[in-house]
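Student: Got start36.txt for you, compact mmCIF, C-alpha atoms and all ligand atoms:
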```
# COMPACT_ATOMS: atom_id res chain seq x y z
CA MET S 1 -0.01 27.06 2.76
CA SER S 2 -3.68 27.48 2.00
CA ASP S 3 -3.91 26.07 -1.53
CA LEU S 4 -3.09 22.66 -2.93
CA PHE S 5 0.16 22.16 -4.85
CA SER S 6 0.88 19.31 -7.24
CA TYR S 7 4.20 18.36 -8.79
CA TYR S 8 4.36 16.90 -12.29
CA TYR S 9 7.12 15.60 -14.47
CA PHE S 10 6.25 16.06 -18.14
CA ARG S 11 7.60 15.97 -21.66
CA PRO S 12 5.83 18.42 -23.96
CA ARG S 13 4.92 17.52 -27.55
CA SER S 14 7.59 18.77 -29.98
CA ASP S 15 5.48 21.78 -31.10
CA THR S 16 4.69 22.91 -27.52
CA LYS S 17 6.85 25.08 -25.26
CA PRO S 18 7.30 23.72 -21.72
CA GLU S 19 5.74 26.91 -20.25
CA ASP S 20 2.63 26.41 -22.40
CA ALA S 21 2.41 22.74 -21.51
CA ALA S 22 2.50 23.54 -17.79
CA ILE S 23 -0.15 26.25 -18.26
CA ALA S 24 -2.29 23.75 -20.17
CA ILE S 25 -2.31 21.49 -17.08
CA ALA S 26 -3.20 24.35 -14.72
CA GLU S 27 -5.97 25.57 -17.01
CA GLU S 28 -7.49 22.18 -17.83
CA GLU S 29 -7.73 21.25 -14.16
CA THR S 30 -9.15 24.59 -12.99
CA THR S 31 -11.17 27.12 -14.97
CA GLY S 32 -9.85 26.85 -18.52
CA THR S 33 -10.18 24.77 -21.62
CA TRP S 34 -8.50 24.70 -25.07
CA THR S 35 -9.94 28.10 -26.12
CA ASP S 36 -11.18 31.32 -24.51
CA LEU S 37 -14.75 31.31 -23.18
CA LYS S 38 -17.68 33.70 -23.54
CA THR S 39 -19.18 32.29 -20.34
CA ARG S 40 -16.29 33.31 -18.11
CA LYS S 41 -17.25 35.84 -15.41
CA ASP S 42 -14.67 38.00 -13.64
CA TYR S 43 -15.21 36.29 -10.29
CA VAL S 44 -14.19 32.92 -11.76
CA LYS S 45 -10.60 34.19 -11.85
CA ALA S 46 -10.26 33.43 -8.13
CA LEU S 47 -10.32 29.75 -9.03
CA ASP S 48 -7.61 29.92 -11.71
CA GLY S 49 -4.69 27.57 -11.25
CA SER S 50 -1.14 28.77 -11.78
CA VAL S 51 2.32 27.47 -12.56
CA GLU S 52 4.45 28.30 -9.53
CA GLU S 53 7.74 26.75 -10.63
CA LEU S 54 9.13 25.10 -13.73
CA HIS S 55 12.54 23.57 -14.28
CA ALA S 56 14.21 21.13 -16.67
CA GLU S 57 14.78 17.58 -15.39
CA GLY S 58 16.02 14.53 -17.29
CA ASP S 59 14.46 14.53 -20.75
CA GLY S 60 11.60 16.76 -19.63
CA TYR S 61 10.46 19.29 -17.03
CA VAL S 62 9.05 19.43 -13.54
CA ALA S 63 6.23 21.87 -12.80
CA LYS S 64 4.71 22.89 -9.48
CA ILE S 65 1.08 23.81 -10.04
CA ARG S 66 -1.11 25.68 -7.56
CA TYR S 67 -4.77 24.74 -7.36
CA PRO S 68 -6.91 27.14 -5.27
CA ALA S 69 -8.32 25.28 -2.26
CA GLU S 70 -11.85 26.47 -3.14
CA ILE S 71 -11.82 24.24 -6.21
CA PHE S 72 -11.96 21.22 -3.93
CA GLU S 73 -14.88 19.84 -2.00
CA PRO S 74 -13.39 19.06 1.43
CA GLY S 75 -13.38 15.34 2.20
CA ASN S 76 -14.27 14.19 -1.33
CA ILE S 77 -11.23 12.21 -2.54
CA PRO S 78 -12.79 11.17 -5.88
CA GLN S 79 -13.22 14.88 -6.59
CA TYR S 80 -9.68 15.72 -5.43
CA LEU S 81 -8.29 13.08 -7.80
CA SER S 82 -10.35 14.43 -10.65
CA VAL S 83 -8.48 17.74 -10.27
CA PHE S 84 -4.83 16.90 -9.65
CA ALA S 85 -4.93 13.50 -11.34
CA GLY S 86 -7.64 14.08 -13.93
CA ASN S 87 -7.89 14.99 -17.63
CA LEU S 88 -4.30 16.22 -17.72
CA PHE S 89 -3.00 12.70 -18.40
CA GLY S 90 -4.73 12.71 -21.77
CA LEU S 91 -3.69 16.15 -22.98
CA GLY S 92 -2.29 15.84 -26.51
CA ARG S 93 0.20 18.66 -25.94
CA LEU S 94 2.05 16.42 -23.51
CA ASP S 95 3.83 13.32 -24.77
CA ALA S 96 4.14 12.09 -21.18
CA VAL S 97 3.15 13.36 -17.75
CA ARG S 98 3.55 11.90 -14.27
CA LEU S 99 2.05 13.15 -11.01
CA LEU S 100 4.96 13.03 -8.57
CA ASP S 101 3.52 14.37 -5.33
CA ILE S 102 0.84 16.55 -3.74
CA ASP S 103 0.91 19.08 -0.90
CA ILE S 104 -2.53 19.28 0.66
CA PRO S 105 -3.52 22.25 2.82
CA GLU S 106 -4.88 21.53 6.28
CA LYS S 107 -8.47 22.39 5.43
CA LEU S 108 -8.54 19.67 2.76
CA ALA S 109 -6.85 17.10 5.02
CA CYS S 110 -10.11 16.69 6.93
CA PHE S 111 -9.86 12.95 7.47
CA GLU S 112 -9.47 10.76 10.51
CA GLY S 113 -6.66 8.63 9.07
CA PRO S 114 -5.61 5.23 10.40
CA LEU S 115 -7.33 3.93 13.51
CA PHE S 116 -4.37 1.80 14.61
CA GLY S 117 -1.48 2.86 12.42
CA MET S 118 1.95 1.32 12.72
CA LYS S 119 2.24 1.71 16.49
CA GLY S 120 -1.26 0.38 17.10
CA VAL S 121 -0.57 -2.73 15.02
CA ARG S 122 2.77 -3.19 16.81
CA ARG S 123 0.99 -2.98 20.18
CA LEU S 124 -1.49 -5.65 19.07
CA ILE S 125 1.35 -8.00 18.15
CA GLY S 126 3.57 -6.98 21.07
CA THR S 127 6.57 -5.71 19.10
CA ASP S 128 6.32 -2.09 20.22
CA LYS S 129 9.35 -2.55 22.51
CA SER S 130 11.58 -4.77 20.34
CA GLY S 131 10.79 -2.79 17.18
CA ARG S 132 11.57 -5.78 14.98
CA PRO S 133 10.06 -6.04 11.51
CA HIS S 134 6.81 -7.97 11.31
CA VAL S 135 6.68 -11.11 9.22
CA GLY S 136 3.57 -11.72 7.16
CA THR S 137 2.40 -14.26 4.64
CA ILE S 138 -0.04 -14.35 1.77
CA ILE S 139 -1.83 -17.70 1.57
CA LYS S 140 -0.75 -19.42 -1.65
CA PRO S 141 -1.93 -20.65 -4.09
CA LYS S 142 -3.64 -17.27 -4.31
CA VAL S 143 -6.95 -18.85 -5.28
CA GLY S 144 -8.27 -22.40 -5.34
CA LEU S 145 -7.87 -23.76 -1.81
CA THR S 146 -10.97 -24.72 0.17
CA PRO S 147 -11.66 -22.95 3.49
CA LYS S 148 -10.39 -26.01 5.37
CA ASP S 149 -7.11 -26.16 3.47
CA THR S 150 -6.69 -22.37 3.68
CA ALA S 151 -7.04 -22.67 7.45
CA GLU S 152 -4.46 -25.46 7.56
CA VAL S 153 -1.95 -23.30 5.69
CA ALA S 154 -2.74 -20.38 8.03
CA TYR S 155 -2.21 -22.59 11.08
CA ASN S 156 1.16 -23.83 9.85
CA ALA S 157 2.31 -20.30 9.10
CA ALA S 158 1.09 -19.12 12.51
CA VAL S 159 2.87 -21.79 14.54
CA GLY S 160 5.96 -21.27 12.39
CA GLY S 161 6.13 -17.70 13.63
CA VAL S 162 4.40 -15.22 11.30
CA ASP S 163 2.66 -12.23 12.86
CA PHE S 164 0.30 -11.64 10.03
CA ILE S 165 -1.59 -13.75 7.48
CA LYS S 166 -3.59 -12.42 4.58
CA ASP S 167 -5.76 -13.40 1.65
CA ASP S 168 -4.42 -12.62 -1.77
CA GLU S 169 -5.82 -9.76 -3.78
CA THR S 170 -7.95 -11.90 -6.11
CA LEU S 171 -9.59 -13.96 -3.37
CA THR S 172 -12.85 -12.49 -2.09
CA ASP S 173 -16.03 -14.56 -1.79
CA GLN S 174 -15.89 -17.07 -4.64
CA ALA S 175 -17.79 -20.34 -4.55
CA PHE S 176 -14.65 -22.45 -4.04
CA CYS S 177 -13.81 -20.59 -0.84
CA PRO S 178 -16.79 -18.67 0.61
CA MET S 179 -15.68 -15.82 2.82
CA ASP S 180 -17.75 -16.60 5.93
CA GLU S 181 -16.68 -20.21 5.99
CA ARG S 182 -13.06 -19.23 5.33
CA ILE S 183 -12.96 -16.72 8.18
CA GLU S 184 -14.42 -19.18 10.64
CA ALA S 185 -12.03 -21.93 9.60
CA VAL S 186 -8.96 -19.67 9.62
CA MET S 187 -9.82 -17.88 12.86
CA GLY S 188 -10.48 -21.24 14.55
CA LYS S 189 -6.98 -22.36 13.62
CA ILE S 190 -5.47 -19.01 14.55
CA ASP S 191 -7.09 -19.20 17.99
CA ARG S 192 -5.51 -22.59 18.40
CA ALA S 193 -2.09 -21.33 17.26
CA GLN S 194 -2.41 -18.33 19.61
CA GLY S 195 -3.19 -20.67 22.51
CA GLU S 196 -0.21 -22.85 21.68
CA THR S 197 2.32 -20.09 21.05
CA GLY S 198 1.08 -17.30 23.32
CA ARG S 199 1.47 -14.89 20.39
CA LYS S 200 -1.18 -12.70 18.77
CA ILE S 201 -1.63 -13.32 15.04
CA LEU S 202 -3.61 -11.17 12.63
CA TYR S 203 -5.56 -12.53 9.67
CA ALA S 204 -6.62 -9.99 7.06
CA VAL S 205 -9.63 -11.16 5.08
CA ASN S 206 -10.05 -9.53 1.68
CA ILE S 207 -13.42 -7.79 1.71
CA SER S 208 -12.92 -5.96 -1.61
CA ASP S 209 -16.31 -5.52 -3.27
CA ARG S 210 -18.50 -3.01 -5.10
CA ALA S 211 -19.24 0.24 -3.31
CA ASP S 212 -22.79 -0.60 -2.28
CA ARG S 213 -21.76 -3.84 -0.61
CA ILE S 214 -18.38 -3.30 1.01
CA VAL S 215 -19.57 -2.03 4.39
CA GLU S 216 -22.05 -4.88 4.69
CA ARG S 217 -19.27 -7.30 3.76
CA ALA S 218 -16.95 -5.80 6.37
CA GLU S 219 -19.67 -6.16 9.02
CA ARG S 220 -20.19 -9.76 8.01
CA ALA S 221 -16.45 -10.45 8.22
CA LEU S 222 -16.33 -9.00 11.73
CA GLU S 223 -19.38 -11.00 12.81
CA HIS S 224 -17.58 -14.14 11.70
CA GLY S 225 -14.54 -13.23 13.80
CA ALA S 226 -12.12 -11.44 11.43
CA ASN S 227 -9.45 -9.54 13.35
CA THR S 228 -8.14 -7.54 10.35
CA LEU S 229 -9.70 -6.46 7.05
CA MET S 230 -8.03 -6.08 3.68
CA VAL S 231 -9.03 -3.78 0.83
CA ASP S 232 -7.70 -3.56 -2.75
CA VAL S 233 -7.65 0.23 -2.72
CA ILE S 234 -7.09 1.01 -6.38
CA THR S 235 -9.78 -1.32 -7.71
CA CYS S 236 -12.28 -0.46 -4.92
CA GLY S 237 -11.39 3.23 -4.61
CA TYR S 238 -10.41 5.37 -1.66
CA SER S 239 -14.07 5.82 -0.75
CA ALA S 240 -14.21 2.14 0.20
CA LEU S 241 -11.40 2.63 2.68
CA GLN S 242 -12.95 5.79 4.05
CA ALA S 243 -16.31 4.06 4.44
CA LEU S 244 -14.70 1.47 6.71
CA SER S 245 -12.63 3.80 8.84
CA GLU S 246 -15.03 6.73 9.14
CA GLU S 247 -18.57 5.69 8.30
CA MET S 248 -18.52 2.24 9.82
CA LYS S 249 -15.97 2.90 12.60
CA ILE S 250 -14.46 -0.55 12.51
CA ASN S 251 -12.30 -1.59 15.42
CA VAL S 252 -9.73 -3.75 13.61
CA PRO S 253 -6.75 -2.75 11.46
CA VAL S 254 -7.14 -2.34 7.71
CA HIS S 255 -4.48 -3.80 5.44
CA VAL S 256 -4.31 -2.04 2.07
CA HIS S 257 -3.28 -3.89 -1.09
CA ARG S 258 -2.65 -1.83 -4.20
CA THR S 259 -3.26 -4.30 -7.04
CA MET S 260 -3.41 -2.46 -10.44
CA HIS S 261 -1.17 0.34 -9.15
CA GLY S 262 1.55 -0.71 -11.62
CA ALA S 263 -0.58 0.66 -14.47
CA MET S 264 -0.05 4.08 -12.88
CA THR S 265 3.19 3.87 -10.91
CA ARG S 266 5.50 1.82 -13.11
CA MET S 267 6.47 4.16 -15.95
CA PRO S 268 9.02 6.78 -14.85
CA GLU S 269 7.67 9.40 -17.29
CA HIS S 270 3.91 8.79 -17.27
CA GLY S 271 1.26 7.98 -14.72
CA ILE S 272 1.00 8.53 -10.98
CA ALA S 273 3.86 7.92 -8.58
CA MET S 274 3.16 5.85 -5.46
CA ARG S 275 3.70 8.87 -3.22
CA PRO S 276 0.38 10.70 -3.78
CA LEU S 277 -1.46 7.38 -3.74
CA ALA S 278 0.18 6.55 -0.40
CA ARG S 279 -0.72 9.95 1.08
CA LEU S 280 -4.36 9.37 0.14
CA VAL S 281 -4.29 5.93 1.78
CA ARG S 282 -3.05 7.54 5.00
CA LEU S 283 -5.76 10.19 4.87
CA SER S 284 -8.49 7.66 4.17
CA GLY S 285 -7.57 5.32 6.99
CA GLY S 286 -5.26 2.46 5.88
CA ASP S 287 -3.20 0.98 8.73
CA GLN S 288 -0.80 -1.05 6.54
CA LEU S 289 0.05 -0.37 2.91
CA HIS S 290 2.05 -2.21 0.26
CA THR S 291 4.73 0.09 -1.09
CA GLY S 292 7.19 -2.33 -2.68
CA THR S 293 10.45 -4.09 -2.04
CA ILE S 294 14.15 -3.46 -2.58
CA SER S 295 14.91 -6.94 -3.89
CA GLY S 296 11.55 -8.52 -4.80
CA LYS S 297 9.75 -9.43 -8.02
CA MET S 298 7.98 -6.14 -8.81
CA GLY S 299 9.90 -3.43 -10.68
CA HIS S 300 10.35 0.09 -9.34
CA SER S 301 12.91 2.60 -8.03
CA PRO S 302 14.37 1.77 -4.58
CA GLU S 303 15.03 5.46 -3.99
CA GLU S 304 11.37 6.37 -4.54
CA LEU S 305 10.33 3.46 -2.33
CA LYS S 306 12.50 4.57 0.59
CA ARG S 307 11.06 8.07 0.43
CA ASP S 308 7.49 6.72 0.09
CA ASN S 309 7.97 4.71 3.28
CA GLU S 310 9.32 7.76 5.11
CA ILE S 311 6.31 9.75 4.00
CA LEU S 312 3.97 7.20 5.56
CA LYS S 313 5.69 7.71 8.90
CA GLU S 314 6.51 11.42 9.04
CA ASP S 315 4.28 14.08 10.64
CA TYR S 316 1.13 14.53 8.57
CA PHE S 317 -1.74 16.52 10.02
CA GLY S 318 -1.46 14.61 13.29
CA LEU S 319 -2.57 11.37 11.60
CA LYS S 320 -1.11 8.08 12.78
CA PRO S 321 1.79 6.65 10.73
CA VAL S 322 1.01 3.81 8.33
CA PHE S 323 2.95 0.52 8.56
CA PRO S 324 4.68 0.01 5.18
CA VAL S 325 4.54 -3.50 3.72
CA ALA S 326 7.29 -4.96 1.53
CA SER S 327 5.83 -7.77 -0.51
CA GLY S 328 6.32 -9.52 -3.84
CA GLY S 329 8.98 -12.14 -4.49
CA LEU S 330 10.51 -12.06 -1.00
CA HIS S 331 12.12 -15.07 0.71
CA PRO S 332 14.47 -15.48 3.69
CA GLY S 333 17.54 -14.80 1.55
CA LYS S 334 16.21 -11.33 0.78
CA VAL S 335 15.34 -10.28 4.32
CA HIS S 336 18.72 -8.72 5.00
CA ALA S 337 18.58 -6.55 1.87
CA GLU S 338 15.05 -5.42 2.72
CA ILE S 339 15.73 -4.46 6.34
CA SER S 340 19.04 -2.79 5.61
CA GLY S 341 17.39 -0.76 2.84
CA LEU S 342 14.03 -0.02 4.47
CA GLY S 343 14.67 -0.19 8.22
CA CYS S 344 12.93 -2.22 10.92
CA ASP S 345 9.57 -0.44 10.70
CA ILE S 346 8.38 -2.71 7.93
CA VAL S 347 6.10 -5.72 7.41
CA LEU S 348 8.04 -8.30 5.39
CA GLN S 349 5.56 -10.46 3.53
CA ALA S 350 6.32 -13.68 1.71
CA GLY S 351 3.93 -15.96 -0.13
CA GLY S 352 6.02 -18.24 -2.33
CA GLY S 353 9.00 -17.55 -0.05
CA ILE S 354 7.20 -19.34 2.81
CA HIS S 355 4.87 -21.87 1.19
CA GLY S 356 7.56 -22.92 -1.30
CA HIS S 357 10.01 -23.95 1.44
CA PRO S 358 11.32 -27.51 0.81
CA ASP S 359 9.78 -28.65 4.13
CA GLY S 360 6.52 -26.72 3.78
CA THR S 361 4.80 -23.72 5.29
CA GLU S 362 5.74 -24.10 8.96
CA SER S 363 9.44 -24.41 8.13
CA GLY S 364 9.11 -21.55 5.65
CA ALA S 365 7.65 -19.31 8.35
CA ARG S 366 10.42 -20.34 10.74
CA ALA S 367 13.04 -19.56 8.11
CA MET S 368 11.61 -16.05 7.56
CA ARG S 369 11.61 -15.37 11.29
CA GLN S 370 15.14 -16.75 11.62
CA ALA S 371 16.30 -14.40 8.85
CA VAL S 372 14.79 -11.46 10.76
CA ASP S 373 16.33 -12.67 14.04
CA ALA S 374 19.71 -12.97 12.30
CA TYR S 375 19.51 -9.34 11.19
CA MET S 376 18.42 -8.17 14.65
CA GLU S 377 21.37 -10.02 16.20
CA GLY S 378 23.81 -8.48 13.74
CA LEU S 379 24.51 -11.72 11.87
CA THR S 380 24.27 -12.54 8.19
CA ALA S 381 21.67 -15.07 7.08
CA GLN S 382 24.47 -17.48 6.13
CA GLU S 383 26.02 -17.24 9.62
CA TYR S 384 22.67 -17.78 11.31
CA ALA S 385 21.84 -20.68 8.97
CA LYS S 386 24.72 -22.74 10.36
CA ASP S 387 22.62 -23.78 13.35
CA HIS S 388 19.12 -23.02 11.99
CA THR S 389 18.04 -25.80 9.65
CA GLU S 390 14.93 -24.09 8.23
CA LEU S 391 16.89 -21.01 7.22
CA ARG S 392 19.69 -23.14 5.79
CA LYS S 393 17.27 -25.06 3.58
CA ALA S 394 15.61 -21.84 2.39
CA LEU S 395 18.98 -20.36 1.45
CA GLU S 396 19.95 -23.56 -0.34
CA LYS S 397 16.78 -23.34 -2.45
CA TRP S 398 16.65 -19.61 -3.18
CA GLY S 399 20.11 -18.25 -2.40
CA VAL S 400 20.92 -14.90 -0.82
CA ARG S 401 20.61 -11.57 -2.47
O1 LIG S 501 0.90 -11.89 -3.47
C1 LIG S 501 1.79 -11.09 -3.50
C2 LIG S 501 3.19 -11.53 -3.34
O2 LIG S 501 3.34 -12.96 -3.37
P1 LIG S 501 4.78 -13.63 -3.36
O3 LIG S 501 5.39 -13.39 -2.01
O4 LIG S 501 4.54 -15.10 -3.61
O5 LIG S 501 5.57 -12.99 -4.46
C3 LIG S 501 1.42 -9.63 -3.59
O6 LIG S 501 0.17 -9.49 -4.21
C4 LIG S 501 2.43 -8.75 -4.17
O7 LIG S 501 3.14 -8.50 -3.05
C5 LIG S 501 2.04 -7.40 -4.71
O8 LIG S 501 3.16 -6.55 -4.69
P2 LIG S 501 3.02 -4.96 -4.49
O9 LIG S 501 2.10 -4.74 -3.39
O10 LIG S 501 4.38 -4.47 -4.19
O11 LIG S 501 2.52 -4.44 -5.77
MG MG S 502 -0.85 -11.02 -4.13
```
For this file, write the structure as structure tokens.
Ligand SMILES: O=C(COP(=O)(O)O)[C@H](O)[C@H](O)COP(=O)(O)O
Ligand SMILES: [Mg+2]
Tutor:
Amino acid sequence: MSDLFSYYYFRPRSDTKPEDAAIAIAEEETTGTWTDLKTRKDYVKALDGSVEELHAEGDGYVAKIRYPAEIFEPGNIPQYLSVFAGNLFGLGRLDAVRLLDIDIPEKLACFEGPLFGMKGVRRLIGTDKSGRPHVGTIIKPKVGLTPKDTAEVAYNAAVGGVDFIKDDETLTDQAFCPMDERIEAVMGKIDRAQGETGRKILYAVNISDRADRIVERAERALEHGANTLMVDVITCGYSALQALSEEMKINVPVHVHRTMHGAMTRMPEHGIAMRPLARLVRLSGGDQLHTGTISGKMGHSPEELKRDNEILKEDYFGLKPVFPVASGGLHPGKVHAEISGLGCDIVLQAGGGIHGHPDGTESGARAMRQAVDAYMEGLTAQEYAKDHTELRKALEKWGVR
């Protein structure tokens, strides 16, 4: 395969034939426009896109479109997106159109990918042999706590048994919780928890910022002791991620949050599926990526999610696999459903499902770990809860799905 192929679901406008609608996409995103052109030279033809396949599906059609590789500037993801995820979404001849997936040829996959990837993160935590799911937490409330109180919550979660702690997507460097002070406070407490428990714990600080400042912010975070960085990839852009992994050559994992993705991924007939977005995260160097949950609070198709997670782990230009993160509305009573649906190679993250535990964060973290242990030992959460108080109290509050 030397060209790039994109797959779209679409519903044409009532006066447009499906063949013409598919051609309209190929033309708009390559050498054409709505009319013929007097400026077109013969040699331009080499860059024409084409419709390779078209079939009916559901209430619409699925088209496979070929984009000649030469149309793309190797390594420039903003430019790639502008082709296969560009103007086509606004074409009036389509009532709805959704980018389902992309097949990138090797010469355009010229990225270094994740530095750690799933296995590297597992090695840091020491779960490469057991293969159990990681347990993570988002500090809640998502904004408002001071650095000192944030660190206290982080400490309680750490001693309770989480592997991973992260800022929420809207917390960056606001006055109520300055980033430098927060990192120092949290890392101080994490060092203490590591000393007490003998376990390694990661804290991902959200360094999301404008393009001209993000590398400087990442450097500052590392200087203050951060052992993981977090980026909101949709709001910051893939270039931000690439700047960290390739330009700056950071030596800590990068956790990728996808806030705002729902505007693209949610509608089954229009937008951009998670799959191409996830492939681009892998190319541009994310080590962990939110992809959704089976039983949580965000809406999406479990079937798509399972395949998205597989895609992050399957062979892809020799790049390291990305650790998928299930997050959003999880609690100990949902752990079983998540692992049985998504497998053990998953980070199970709970914010409210840990910090909302009747006995507080430490017990909430214990309950999450107990739910994972129950699954690994082949027991239901209810069985395990009989002699694990924290889990029992969590199940009493939130039930079991
Ligand atoms: O803060 C949370 C979840 O908090 P809580 O555990 O309290 O619900 C995350 O931002 C969501 O996971 C986003 O979900 P996704 O990444 O799937 O869009
Ligand atoms: Mg959040």
Student: Produce as a list in words the set of residues near ligand MG 502 (chain S), where near means within 7 Å with all atoms listed in the file considered.
Tutor: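 Selection of residues at most 7 Å from ligand MG 502 (chain S): Ile138, Lys142, Asp168 and Glu169 of chain S.
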Student: Please, could you write that set of residues out with C-alpha atoms as a compact mmCIF listing (two decimals), in the coordinates of the input?
Tutor:
```
# COMPACT_ATOMS: atom_id res chain seq x y z
CA ILE S 138 -0.04 -14.35 1.77
CA LYS S 142 -3.64 -17.27 -4.31
CA ASP S 168 -4.42 -12.62 -1.77
CA GLU S 169 -5.82 -9.76 -3.78
```
Student: Could you pull the residues within 9 Å of range 82-91 of chain S, counting only C-alpha atoms, minus those fewer than 3 positions along the same chain, as JSON, numbers by chain?
Tutor: {"S": [5, 6, 24, 25, 26, 28, 29, 30, 67, 71, 72, 77, 78, 79, 94, 95, 96, 97, 98, 99, 102, 270, 271, 272]}
Student: Could you list, as a PyMOL selection string, all residues that come within 9 Å of ligand LIG 501 (chain S)? Count all atoms listed in the file.
Tutor: chain S and resi 137-142+167-170+256-262+289-293+296-299+325-331+349-356
Student: Please save C-alpha atoms of the selected residues as a short mmCIF file (atom, residue, chain, number, x, y, z; two decimals), in the frame of the given file.
Tutor:
```cif
data_model
loop_
_atom_site.label_atom_id
_atom_site.label_comp_id
_atom_site.auth_asym_id
_atom_site.auth_seq_id
_atom_site.Cartn_x
_atom_site.Cartn_y
_atom_site.Cartn_z
CA THR S 137 2.40 -14.26 4.64
CA ILE S 138 -0.04 -14.35 1.77
CA ILE S 139 -1.83 -17.70 1.57
CA LYS S 140 -0.75 -19.42 -1.65
CA PRO S 141 -1.93 -20.65 -4.09
CA LYS S 142 -3.64 -17.27 -4.31
CA ASP S 167 -5.76 -13.40 1.65
CA ASP S 168 -4.42 -12.62 -1.77
CA GLU S 169 -5.82 -9.76 -3.78
CA THR S 170 -7.95 -11.90 -6.11
CA VAL S 256 -4.31 -2.04 2.07
CA HIS S 257 -3.28 -3.89 -1.09
CA ARG S 258 -2.65 -1.83 -4.20
CA THR S 259 -3.26 -4.30 -7.04
CA MET S 260 -3.41 -2.46 -10.44
CA HIS S 261 -1.17 0.34 -9.15
CA GLY S 262 1.55 -0.71 -11.62
CA LEU S 289 0.05 -0.37 2.91
CA HIS S 290 2.05 -2.21 0.26
CA THR S 291 4.73 0.09 -1.09
CA GLY S 292 7.19 -2.33 -2.68
CA THR S 293 10.45 -4.09 -2.04
CA GLY S 296 11.55 -8.52 -4.80
CA LYS S 297 9.75 -9.43 -8.02
CA MET S 298 7.98 -6.14 -8.81
CA GLY S 299 9.90 -3.43 -10.68
CA VAL S 325 4.54 -3.50 3.72
CA ALA S 326 7.29 -4.96 1.53
CA SER S 327 5.83 -7.77 -0.51
CA GLY S 328 6.32 -9.52 -3.84
CA GLY S 329 8.98 -12.14 -4.49
CA LEU S 330 10.51 -12.06 -1.00
CA HIS S 331 12.12 -15.07 0.71
CA GLN S 349 5.56 -10.46 3.53
CA ALA S 350 6.32 -13.68 1.71
CA GLY S 351 3.93 -15.96 -0.13
CA GLY S 352 6.02 -18.24 -2.33
CA GLY S 353 9.00 -17.55 -0.05
CA ILE S 354 7.20 -19.34 2.81
CA HIS S 355 4.87 -21.87 1.19
CA GLY S 356 7.56 -22.92 -1.30
#
```
Student: Hey, what's within 12 Å of Asp315 in chain S if we count only C-alpha atoms and toss same-chain stuff fewer than 5 positions away? As a list of chain:residue names, please?
Tutor: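 Final neighbour list, sorted by chain and number: S:Arg279, S:Arg282, S:Glu310, S:Lys320, S:Pro321, S:Val322.
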Student: Would you mind exporting the chosen residues as a short mmCIF file (atom, residue, chain, number, x, y, z; two decimals), in the frame of the given file, restricted to C-alpha atoms?
Tutor:
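As a result, result-v8.cif now contains:
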```
data_model
loop_
_atom_site.label_atom_id
_atom_site.label_comp_id
_atom_site.auth_asym_id
_atom_site.auth_seq_id
_atom_site.Cartn_x
_atom_site.Cartn_y
_atom_site.Cartn_z
CA ARG S 279 -0.72 9.95 1.08
CA ARG S 282 -3.05 7.54 5.00
CA GLU S 310 9.32 7.76 5.11
CA LYS S 320 -1.11 8.08 12.78
CA PRO S 321 1.79 6.65 10.73
CA VAL S 322 1.01 3.81 8.33
#
```
Student: One decimal, Å: what's the distance from CA of Ser239 in chain S over to CA of Ala109 in chain S, could you say?
Tutor: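 We find that CA of Ser239 in chain S and CA of Ala109 in chain S lie 14.6 Å from each other.
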Student: Excluding range 216-222 of chain S and its own-chain neighbours fewer than 4 positions away, which residues fall within 7 Å of it when counting only C-alpha atoms? Please give them as a ChimeraX atom specification.
Tutor: /S:180,207,226
Student: What's the separation between CA of Thr31 in chain S and CA of Leu283 in chain S, in Å to one decimal place?
Tutor: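 Separation of CA of Thr31 in chain S and CA of Leu283 in chain S: 26.6 Å.
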Student: Which residues come within 8 Å of Asp209 in chain S, counting only C-alpha atoms, excluding same-chain residues fewer than 5 positions away, as a list in words?
Tutor: Thr172, Ile214, Arg217 and Cys236 of chain S
Student: Create the file for the chosen residues now, containing C-alpha atoms and written as a PDB file, in the frame of the given file.
Tutor:
```pdb
ATOM      1  CA  THR S 172     -12.850 -12.490  -2.090  1.00  0.00           C
ATOM      2  CA  ILE S 214     -18.380  -3.300   1.010  1.00  0.00           C
ATOM      3  CA  ARG S 217     -19.270  -7.300   3.760  1.00  0.00           C
ATOM      4  CA  CYS S 236     -12.280  -0.460  -4.920  1.00  0.00           C
TER       5      CYS S 236
END
```
Student: Nearest to Gly188 in chain S: which of S:Met376, S:Ala211, S:Ala154, S:Leu171 is it, counting only C-alpha atoms?
Tutor: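 The shortest atom-to-atom distance to Gly188 in chain S comes from S:Ala154.
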Student: Quick one, how far is CA of Phe111 in chain S from CA of Ser284 in chain S?
Tutor: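 We find that CA of Phe111 in chain S and CA of Ser284 in chain S lie 6.4 Å from each other.
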Student: Restricting the calculation to all atoms listed in the file: of S:Arg132, S:Lys249, S:Arg366, S:Lys166, which residue gets closest to Val186 in chain S?
Tutor: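 Looking only at the distances to Val186 in chain S, the closest residue turns out to be S:Lys166.
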Student: Choose the residue, out of S:Leu241, S:Met179, S:Val51, S:Val162, that has the smallest atom-to-atom separation from Gly364 in chain S; count all atoms listed in the file.
Tutor: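 Ranking S:Leu241, S:Met179, S:Val51, S:Val162 by distance to Gly364 in chain S, first place goes to S:Val162.
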Student: Using all atoms listed in the file, pick whichever of S:Phe164, S:Tyr384, S:Phe323, S:Tyr61 has the shortest atom-to-atom distance to Gln370 in chain S.
Tutor: S:Tyr384
Student: Env of Asp59 in chain S: 12 Å cut, atoms = all atoms listed in the file, seq-sep filter 5 positions within chain, self excluded. Answer as a PyMOL selection string.
Tutor: chain S and resi 9-12+18+95-97+268-269
